[in-house]
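This is work34.tsv. It holds TSV, C-alpha atoms.
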```tsv
chain	number	residue	atom	x	y	z
A	1	MET	CA	-27.33	15.83	-17.00
A	2	PHE	CA	-25.46	12.61	-17.78
A	3	ASP	CA	-24.74	10.19	-14.98
A	4	ALA	CA	-20.95	9.73	-14.59
A	5	LEU	CA	-21.10	5.95	-14.41
A	6	THR	CA	-23.32	5.79	-17.48
A	7	LEU	CA	-20.86	7.94	-19.39
A	8	LEU	CA	-17.87	5.81	-18.40
A	9	THR	CA	-19.28	2.34	-18.87
A	10	GLY	CA	-22.03	2.82	-21.42
A	11	GLN	CA	-24.78	1.85	-18.93
A	12	ALA	CA	-23.00	-1.42	-18.24
A	13	SER	CA	-23.65	-3.12	-14.92
A	14	ALA	CA	-20.52	-3.45	-12.78
A	15	TYR	CA	-21.48	-7.05	-12.05
A	16	ALA	CA	-21.75	-7.78	-15.77
A	17	LEU	CA	-18.30	-6.27	-16.31
A	18	ALA	CA	-16.89	-8.45	-13.52
A	19	ALA	CA	-18.45	-11.58	-15.00
A	20	ALA	CA	-17.25	-10.60	-18.48
A	21	LEU	CA	-13.67	-10.28	-17.23
A	22	LEU	CA	-13.77	-13.83	-15.88
A	23	VAL	CA	-15.30	-15.08	-19.14
A	24	ALA	CA	-12.59	-13.34	-21.18
A	25	LEU	CA	-9.80	-14.86	-19.08
A	26	LEU	CA	-11.40	-18.31	-19.29
A	27	ILE	CA	-11.63	-18.06	-23.07
A	28	ASP	CA	-8.02	-16.88	-23.22
A	29	HIS	CA	-6.89	-19.84	-21.10
A	30	VAL	CA	-8.85	-22.46	-23.05
A	31	LEU	CA	-8.90	-21.18	-26.62
A	32	GLY	CA	-6.23	-18.49	-26.91
A	33	GLU	CA	-6.39	-15.98	-29.76
A	34	PRO	CA	-9.22	-15.83	-32.31
A	35	PRO	CA	-8.41	-16.19	-36.04
A	36	ALA	CA	-6.67	-13.15	-37.52
A	37	ARG	CA	-9.64	-12.36	-39.76
A	38	LEU	CA	-11.82	-11.98	-36.64
A	39	HIS	CA	-9.26	-10.27	-34.40
A	40	PRO	CA	-9.99	-6.58	-33.65
A	41	VAL	CA	-6.34	-5.85	-32.81
A	42	VAL	CA	-5.38	-7.19	-36.24
A	43	TRP	CA	-8.00	-4.85	-37.73
A	44	MET	CA	-6.43	-1.97	-35.79
A	45	GLY	CA	-3.04	-2.95	-37.16
A	46	ASN	CA	-4.39	-3.09	-40.71
A	47	TYR	CA	-5.80	0.42	-40.38
A	48	LEU	CA	-2.56	1.73	-38.88
A	49	SER	CA	-0.55	0.08	-41.65
A	50	TRP	CA	-2.77	1.72	-44.28
A	51	ALA	CA	-2.63	5.13	-42.57
A	52	GLY	CA	1.11	4.78	-41.93
A	53	ARG	CA	1.83	4.34	-45.63
A	54	ARG	CA	0.02	7.58	-46.38
A	55	VAL	CA	1.81	9.40	-43.57
A	56	GLN	CA	5.17	8.20	-44.88
A	57	ARG	CA	4.43	9.66	-48.31
A	58	VAL	CA	4.49	13.08	-46.65
A	59	ALA	CA	7.32	12.49	-44.18
A	60	TRP	CA	10.82	13.80	-44.90
A	61	GLN	CA	13.12	10.86	-45.64
A	62	PRO	CA	16.89	11.10	-45.05
A	63	SER	CA	19.31	9.85	-47.67
A	64	SER	CA	20.78	6.37	-47.25
A	65	MET	CA	24.01	7.91	-45.93
A	66	GLU	CA	22.14	10.08	-43.41
A	67	ALA	CA	19.95	7.18	-42.30
A	68	GLY	CA	23.05	5.20	-41.38
A	69	ALA	CA	24.64	8.02	-39.42
A	70	ALA	CA	24.75	7.94	-35.64
A	71	ALA	CA	23.03	11.32	-35.26
A	72	VAL	CA	20.79	12.68	-37.98
A	73	PRO	CA	19.61	16.32	-37.77
A	74	TYR	CA	15.94	15.53	-38.38
A	75	PRO	CA	14.03	18.70	-39.32
A	76	LYS	CA	10.89	19.63	-37.42
A	77	ASP	CA	8.11	18.21	-39.54
A	78	PHE	CA	4.88	19.57	-38.09
A	79	LYS	CA	2.94	18.74	-41.22
A	80	VAL	CA	3.54	15.01	-40.88
A	81	PHE	CA	3.14	15.22	-37.10
A	82	TRP	CA	-0.40	16.61	-37.40
A	83	LEU	CA	-1.30	14.29	-40.26
A	84	ALA	CA	-0.28	11.30	-38.15
A	85	ALA	CA	-2.13	12.77	-35.16
A	86	ILE	CA	-5.33	13.15	-37.19
A	87	CYS	CA	-5.03	9.56	-38.44
A	88	TRP	CA	-4.49	8.37	-34.87
A	89	ILE	CA	-7.47	10.34	-33.55
A	90	ALA	CA	-9.70	9.04	-36.35
A	91	GLY	CA	-8.74	5.45	-35.59
A	92	ALA	CA	-9.12	5.90	-31.84
A	93	ALA	CA	-12.53	7.53	-32.30
A	94	GLY	CA	-13.62	4.66	-34.53
A	95	CYS	CA	-12.60	2.15	-31.85
A	96	LEU	CA	-14.39	4.05	-29.10
A	97	ILE	CA	-17.59	4.45	-31.11
A	98	ALA	CA	-17.65	0.83	-32.31
A	99	PHE	CA	-16.94	-0.79	-28.95
A	100	ASP	CA	-19.23	1.59	-27.06
A	101	ALA	CA	-22.06	0.74	-29.47
A	102	LEU	CA	-21.37	-2.99	-29.07
A	103	GLN	CA	-21.35	-2.69	-25.28
A	104	ARG	CA	-24.61	-0.73	-25.24
A	105	VAL	CA	-26.34	-3.31	-27.44
A	106	VAL	CA	-25.01	-6.27	-25.47
A	107	MET	CA	-26.07	-4.79	-22.12
A	108	GLN	CA	-29.71	-4.79	-23.25
A	109	LEU	CA	-29.65	-8.61	-23.27
A	110	PRO	CA	-30.28	-10.93	-20.28
A	111	ALA	CA	-27.49	-10.66	-17.71
A	112	TRP	CA	-25.95	-14.10	-18.36
A	113	LEU	CA	-25.89	-13.56	-22.13
A	114	ALA	CA	-24.58	-10.01	-21.76
A	115	ALA	CA	-21.68	-11.23	-19.60
A	116	LEU	CA	-20.86	-14.00	-22.08
A	117	LEU	CA	-20.89	-11.74	-25.15
A	118	LEU	CA	-19.03	-8.94	-23.38
A	119	GLY	CA	-16.37	-11.48	-22.37
A	120	LEU	CA	-16.09	-12.65	-25.99
A	121	LEU	CA	-15.59	-9.05	-27.10
A	122	LEU	CA	-13.05	-8.35	-24.35
A	123	LYS	CA	-10.94	-11.47	-24.90
A	124	PRO	CA	-9.11	-10.29	-28.08
A	125	LEU	CA	-7.99	-7.18	-26.19
A	126	LEU	CA	-6.08	-9.43	-23.74
A	127	ALA	CA	-3.23	-11.75	-24.70
A	128	TRP	CA	-1.93	-13.52	-21.60
A	129	ARG	CA	-1.83	-17.09	-22.95
A	130	MET	CA	-0.12	-16.01	-26.19
A	131	LEU	CA	2.49	-14.00	-24.27
A	132	LYS	CA	3.42	-16.97	-22.10
A	133	SER	CA	3.51	-19.25	-25.12
A	134	GLU	CA	5.83	-16.95	-27.07
A	135	VAL	CA	8.30	-16.63	-24.19
A	136	ARG	CA	8.31	-20.40	-23.63
A	137	SER	CA	8.87	-20.93	-27.35
A	138	VAL	CA	12.01	-18.78	-27.22
A	139	GLU	CA	13.34	-20.90	-24.37
A	140	SER	CA	12.49	-24.12	-26.20
A	141	ALA	CA	14.21	-22.85	-29.35
A	142	LEU	CA	17.32	-21.98	-27.34
A	143	GLY	CA	17.39	-25.61	-26.24
A	144	GLN	CA	17.82	-26.55	-29.90
A	145	SER	CA	20.44	-23.96	-30.88
A	146	LEU	CA	21.38	-20.31	-30.44
A	147	ASP	CA	20.33	-19.52	-34.01
A	148	ALA	CA	16.92	-21.08	-33.41
A	149	GLY	CA	16.54	-19.03	-30.23
A	150	ARG	CA	17.44	-15.83	-32.06
A	151	GLU	CA	14.98	-16.62	-34.83
A	152	ARG	CA	12.14	-17.27	-32.38
A	153	LEU	CA	12.97	-14.13	-30.41
A	154	SER	CA	12.65	-12.06	-33.60
A	155	TRP	CA	8.93	-12.88	-33.55
A	156	LEU	CA	8.67	-11.22	-30.15
A	157	VAL	CA	10.91	-8.12	-30.29
A	158	SER	CA	11.77	-5.45	-32.85
A	159	ARG	CA	15.49	-5.19	-31.99
A	160	ASP	CA	18.28	-6.74	-34.05
A	161	VAL	CA	18.82	-10.26	-32.68
A	162	SER	CA	21.54	-11.45	-35.08
A	163	ALA	CA	24.46	-10.85	-32.70
A	164	LEU	CA	22.83	-11.68	-29.37
A	165	SER	CA	24.40	-14.29	-27.11
A	166	GLU	CA	22.34	-17.03	-25.47
A	167	ALA	CA	22.12	-14.99	-22.26
A	168	GLN	CA	21.07	-11.89	-24.18
A	169	VAL	CA	18.35	-13.81	-26.04
A	170	ARG	CA	17.00	-14.96	-22.70
A	171	GLU	CA	17.27	-11.46	-21.27
A	172	SER	CA	15.27	-10.07	-24.20
A	173	ALA	CA	12.56	-12.70	-23.79
A	174	ILE	CA	12.19	-12.00	-20.06
A	175	GLU	CA	12.18	-8.25	-20.73
A	176	SER	CA	9.45	-8.73	-23.31
A	177	LEU	CA	7.44	-10.80	-20.84
A	178	ALA	CA	7.66	-8.07	-18.21
A	179	GLU	CA	6.89	-5.22	-20.61
A	180	ASN	CA	4.01	-7.01	-22.31
A	181	LEU	CA	2.60	-8.15	-18.98
A	182	ASN	CA	1.62	-4.50	-18.71
A	183	ASP	CA	0.75	-3.92	-22.37
A	184	SER	CA	-1.25	-7.11	-22.96
A	185	VAL	CA	-2.74	-7.86	-19.54
A	186	VAL	CA	-2.56	-5.22	-16.81
A	187	ALA	CA	-3.28	-2.08	-18.84
A	188	PRO	CA	-6.24	-3.48	-20.84
A	189	ILE	CA	-7.85	-4.75	-17.62
A	190	PHE	CA	-7.10	-1.46	-15.85
A	191	TRP	CA	-8.87	0.56	-18.55
A	192	PHE	CA	-11.68	-2.00	-18.78
A	193	VAL	CA	-12.41	-1.51	-15.09
A	194	LEU	CA	-12.38	2.28	-15.48
A	195	LEU	CA	-14.09	2.75	-18.85
A	196	GLY	CA	-15.58	-0.58	-19.82
A	197	LEU	CA	-15.03	-2.22	-23.20
A	198	PRO	CA	-14.36	1.11	-25.01
A	199	GLY	CA	-11.53	1.86	-22.56
A	200	ALA	CA	-9.81	-1.47	-23.18
A	201	ALA	CA	-10.20	-1.02	-26.94
A	202	LEU	CA	-8.80	2.51	-26.85
A	203	TYR	CA	-5.75	1.32	-24.93
A	204	ARG	CA	-5.09	-1.55	-27.33
A	205	PHE	CA	-5.34	0.83	-30.29
A	206	ALA	CA	-2.90	3.25	-28.66
A	207	ASN	CA	-0.47	0.47	-27.77
A	208	THR	CA	-0.64	-1.02	-31.27
A	209	ALA	CA	-0.05	2.41	-32.79
A	210	ASP	CA	3.00	2.91	-30.59
A	211	ALA	CA	4.36	-0.51	-31.59
A	212	MET	CA	3.94	0.33	-35.29
A	213	TRP	CA	4.69	4.07	-35.37
A	214	GLY	CA	6.45	5.00	-32.16
A	215	TYR	CA	10.08	4.81	-33.30
A	216	ARG	CA	12.85	7.38	-33.03
A	217	GLY	CA	14.37	8.23	-36.39
A	218	VAL	CA	14.44	5.72	-39.25
A	219	TYR	CA	13.00	2.23	-38.77
A	220	LYS	CA	12.92	-0.24	-41.66
A	221	GLY	CA	13.64	2.50	-44.15
A	222	GLN	CA	10.89	4.87	-42.93
A	223	ASN	CA	11.31	8.07	-40.93
A	224	TRP	CA	9.11	8.02	-37.81
A	225	GLU	CA	10.91	10.79	-35.91
A	226	TRP	CA	7.94	13.16	-36.18
A	227	ALA	CA	5.37	10.84	-37.69
A	228	GLY	CA	5.40	8.64	-34.59
A	229	LYS	CA	5.54	11.28	-31.85
A	230	TRP	CA	1.79	11.52	-31.23
A	231	ALA	CA	1.35	7.73	-31.08
A	232	ALA	CA	4.31	7.37	-28.71
A	233	ARG	CA	3.12	10.11	-26.35
A	234	ALA	CA	-0.46	8.85	-26.33
A	235	ASP	CA	0.73	5.39	-25.33
A	236	ASP	CA	3.01	6.91	-22.67
A	237	ILE	CA	0.03	8.68	-21.11
A	238	LEU	CA	-2.34	5.69	-21.19
A	239	SER	CA	0.38	3.32	-19.89
A	240	TRP	CA	1.69	5.57	-17.11
A	241	LEU	CA	-0.48	4.29	-14.26
A	242	PRO	CA	-0.78	0.66	-15.43
A	243	ALA	CA	3.02	0.31	-15.79
A	244	ARG	CA	3.54	1.40	-12.20
A	245	LEU	CA	0.69	-0.83	-11.05
A	246	THR	CA	2.40	-3.76	-12.79
A	247	ALA	CA	5.64	-2.95	-10.97
A	248	LEU	CA	3.83	-2.60	-7.65
A	249	LEU	CA	2.15	-5.98	-8.05
A	250	LEU	CA	5.50	-7.56	-8.94
A	251	VAL	CA	6.95	-5.98	-5.80
A	252	CYS	CA	4.14	-7.50	-3.74
A	253	VAL	CA	4.67	-11.03	-5.10
A	254	SER	CA	8.47	-10.89	-4.88
A	255	ARG	CA	9.20	-8.52	-1.95
A	256	VAL	CA	11.53	-6.32	-3.95
A	257	ARG	CA	12.30	-2.90	-2.47
A	258	TRP	CA	10.36	-0.13	-4.16
A	259	ARG	CA	13.26	2.28	-3.85
A	260	ALA	CA	15.43	-0.06	-5.90
A	261	VAL	CA	12.71	-0.33	-8.54
A	262	CYS	CA	12.53	3.45	-8.84
A	263	ARG	CA	16.30	3.67	-9.23
A	264	GLU	CA	16.59	0.97	-11.90
A	265	SER	CA	13.47	1.90	-13.89
A	266	ALA	CA	14.87	5.38	-14.57
A	267	LYS	CA	17.67	3.84	-16.66
A	268	THR	CA	15.48	3.05	-19.67
A	269	PRO	CA	14.53	5.61	-22.35
A	270	SER	CA	10.84	4.75	-21.98
A	271	PRO	CA	8.98	6.42	-19.09
A	272	ASN	CA	6.94	3.25	-18.54
A	273	SER	CA	8.50	-0.01	-19.76
A	274	GLY	CA	11.40	0.27	-17.33
A	275	TRP	CA	9.09	-0.20	-14.33
A	276	PRO	CA	7.97	-3.82	-14.93
A	277	MET	CA	11.32	-4.77	-16.50
A	278	ALA	CA	13.39	-3.40	-13.62
A	279	THR	CA	11.13	-5.02	-11.06
A	280	MET	CA	11.39	-8.38	-12.81
A	281	ALA	CA	15.19	-8.09	-12.94
A	282	LEU	CA	15.34	-7.36	-9.22
A	283	ALA	CA	12.81	-10.06	-8.36
A	284	LEU	CA	14.89	-12.72	-10.13
A	285	ASP	CA	18.24	-11.13	-9.16
A	286	ILE	CA	19.33	-11.15	-12.79
A	287	ARG	CA	20.63	-8.47	-15.12
A	288	LEU	CA	18.49	-7.39	-18.04
A	289	GLY	CA	19.51	-5.00	-20.75
A	290	LYS	CA	19.46	-3.81	-24.31
A	291	PRO	CA	22.99	-3.74	-25.78
A	292	GLY	CA	24.30	-0.20	-26.01
A	293	VAL	CA	21.19	1.32	-24.44
A	294	TYR	CA	20.73	0.29	-20.78
A	295	VAL	CA	21.46	-2.36	-18.17
A	296	LEU	CA	19.02	-3.10	-15.37
A	297	ASN	CA	20.30	-4.54	-12.09
A	298	PRO	CA	23.92	-4.70	-13.34
A	299	ALA	CA	25.03	-6.55	-10.20
A	300	GLY	CA	22.67	-9.43	-11.03
A	301	ARG	CA	23.72	-12.69	-12.65
A	302	GLN	CA	23.03	-13.78	-16.21
A	303	PRO	CA	19.60	-15.42	-16.59
A	304	THR	CA	19.35	-19.18	-16.94
A	305	ARG	CA	16.62	-21.49	-18.20
A	306	THR	CA	15.02	-21.66	-14.75
A	307	ASP	CA	14.77	-17.88	-14.63
A	308	THR	CA	12.44	-17.90	-17.62
A	309	ALA	CA	10.12	-20.26	-15.77
A	310	SER	CA	10.39	-18.13	-12.61
A	311	ALA	CA	9.57	-14.97	-14.58
A	312	ILE	CA	6.43	-16.60	-15.97
A	313	SER	CA	5.49	-17.73	-12.46
A	314	HIS	CA	5.84	-14.18	-11.14
A	315	ALA	CA	3.75	-12.87	-14.03
A	316	GLU	CA	1.04	-15.44	-13.32
A	317	LYS	CA	0.88	-14.31	-9.69
A	318	VAL	CA	0.59	-10.69	-10.83
A	319	THR	CA	-2.28	-11.62	-13.14
A	320	MET	CA	-4.16	-13.41	-10.37
A	321	ALA	CA	-3.66	-10.49	-7.98
A	322	LEU	CA	-4.79	-8.04	-10.65
A	323	VAL	CA	-7.95	-10.00	-11.41
A	324	PHE	CA	-8.82	-10.09	-7.71
A	325	MET	CA	-8.31	-6.32	-7.45
A	326	ALA	CA	-10.34	-5.69	-10.61
A	327	LEU	CA	-13.26	-7.81	-9.42
A	328	LEU	CA	-13.17	-6.16	-6.01
A	329	ALA	CA	-13.16	-2.70	-7.60
A	330	LEU	CA	-16.14	-3.54	-9.81
A	331	VAL	CA	-18.13	-5.03	-6.94
A	332	LEU	CA	-17.41	-2.04	-4.72
A	333	ARG	CA	-18.46	0.26	-7.54
A	334	SER	CA	-21.80	-1.53	-7.85
A	335	MET	CA	-22.33	-1.24	-4.08
A	336	VAL	CA	-21.59	2.49	-4.10
A	337	VAL	CA	-23.86	3.16	-7.06
A	338	SER	CA	-26.71	1.12	-5.63
```
Please lay out the structure from this file as structure tokens.
Amino acid sequence: MFDALTLLTGQASAYALAAALLVALLIDHVLGEPPARLHPVVWMGNYLSWAGRRVQRVAWQPSSMEAGAAAVPYPKDFKVFWLAAICWIAGAAGCLIAFDALQRVVMQLPAWLAALLLGLLLKPLLAWRMLKSEVRSVESALGQSLDAGRERLSWLVSRDVSALSEAQVRESAIESLAENLNDSVVAPIFWFVLLGLPGAALYRFANTADAMWGYRGVYKGQNWEWAGKWAARADDILSWLPARLTALLLVCVSRVRWRAVCRESAKTPSPNSGWPMATMALALDIRLGKPGVYVLNPAGRQPTRTDTASAISHAEKVTMALVFMALLALVLRSMVVS
């Protein structure tokens, strides 16, 4: 009979996982992202891009006139749905197997070396320094011109930025900070604590798949209405708890009322991204929104340059609180098991 902890963490010591988390965050702070050729999330993206092209060969594509219509009667395409699901499952299984094998090998080494190598493997699954840098770059570009701010924002979001005002560019950057605080920091650490390195890798694969496939209708000339459903739902499930944890931590560092967070978060189409975004809007007393889709905290003021810095400060506090909670959880786990 398999021991539950062995199954979840691949025989990894809870203390080694705790040390590895600190190593990963230190590497992130000092060095940032590894080169693209060595980045596992880039590899995941390459696989998903390859698989996505094959899925799109099977997917029903609307005519150019239909694609531009406000409401397209997309047919139920179960064939492409299951093809995309199989591709997703194959990729996810590959990630789980590879990272579980790496963790098992690493944990046979001396404790200090195991923690160091595990931290090196975990680091690419976290992206806190890069997230802060991208948001600050948008603000710096806005200081040059509105066009420069729009151009820099396009690196960070998938929405059309060509008609956004200065306030809307800033709103989008702060929204992206709040949403990706969950996607790039809280959720990977959450799943790392629960399932070790394979858990963090699985989450990053699911989140990357959602970012590349999880669109409604036509996106960049490709129909993802049914091709992206599995990826979108998988990410919704894996992000459900972390998104609410992110919101709760933001509430704790800003003293926002939870009832207000629940009310505002329900305004977004996503079941998860609205939680950190709504909490950030309330914490800063600003309005955030996506034109024609939703407005969070509509009574709030338009964000200013100082609000970007305040948003980053709130996110930093959340990260520190999360790390403390993660380390405490791992230490308590080791005490219970021993």
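One finds atom CA of Ala200 of chain A at 22.8 Å from atom CA of Val336 of chain A.
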How far is it from atom CA of Ala101 of chain A to atom CA of Val23 of chain A, in Å with one decimal?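 These two atoms are separated by 20.1 Å.
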Å distance separating atom CA of Ala209 of chain A from atom CA of Ser49 of chain A, one decimal place: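 Atom CA of Ser49 of chain A lies 9.2 Å from atom CA of Ala209 of chain A.
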Env of segment 29-41 of chain A: 7 Å cut, atoms = all atoms listed in the file, seq-sep filter 2 positions within chain, self excluded. Answer as an mmCIF file with C-alpha atoms, in the coordinates of the input.
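Result written to result.cif:
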```
data_model
loop_
_atom_site.group_PDB
_atom_site.id
_atom_site.type_symbol
_atom_site.label_atom_id
_atom_site.label_comp_id
_atom_site.auth_asym_id
_atom_site.auth_seq_id
_atom_site.Cartn_x
_atom_site.Cartn_y
_atom_site.Cartn_z
ATOM 1 C CA LEU A 25 -9.800 -14.860 -19.080
ATOM 2 C CA LEU A 26 -11.400 -18.310 -19.290
ATOM 3 C CA ILE A 27 -11.630 -18.060 -23.070
ATOM 4 C CA TRP A 43 -8.000 -4.850 -37.730
ATOM 5 C CA MET A 44 -6.430 -1.970 -35.790
ATOM 6 C CA GLY A 45 -3.040 -2.950 -37.160
ATOM 7 C CA PRO A 124 -9.110 -10.290 -28.080
ATOM 8 C CA LEU A 125 -7.990 -7.180 -26.190
ATOM 9 C CA ARG A 129 -1.830 -17.090 -22.950
ATOM 10 C CA MET A 130 -0.120 -16.010 -26.190
#
```
Using all atoms listed in the file, which residues sit within 7 Å of Asn182 of chain A once same-chain residues fewer than 2 positions away are excluded, as a PyMOL selection string? chain A and resi 179-180+184-187+242-243+246
Counting only C-alpha atoms, which residue out of A:Gly221, A:Gln61, A:Ile174, A:Phe190 sits closest to Thr279 of chain A? A:Ile174
Across A:Met335, A:Ala311, A:Val157, A:Ala85, the smallest distance to Arg136 of chain A, with only C-alpha atoms counted, is shown by A:Ala311
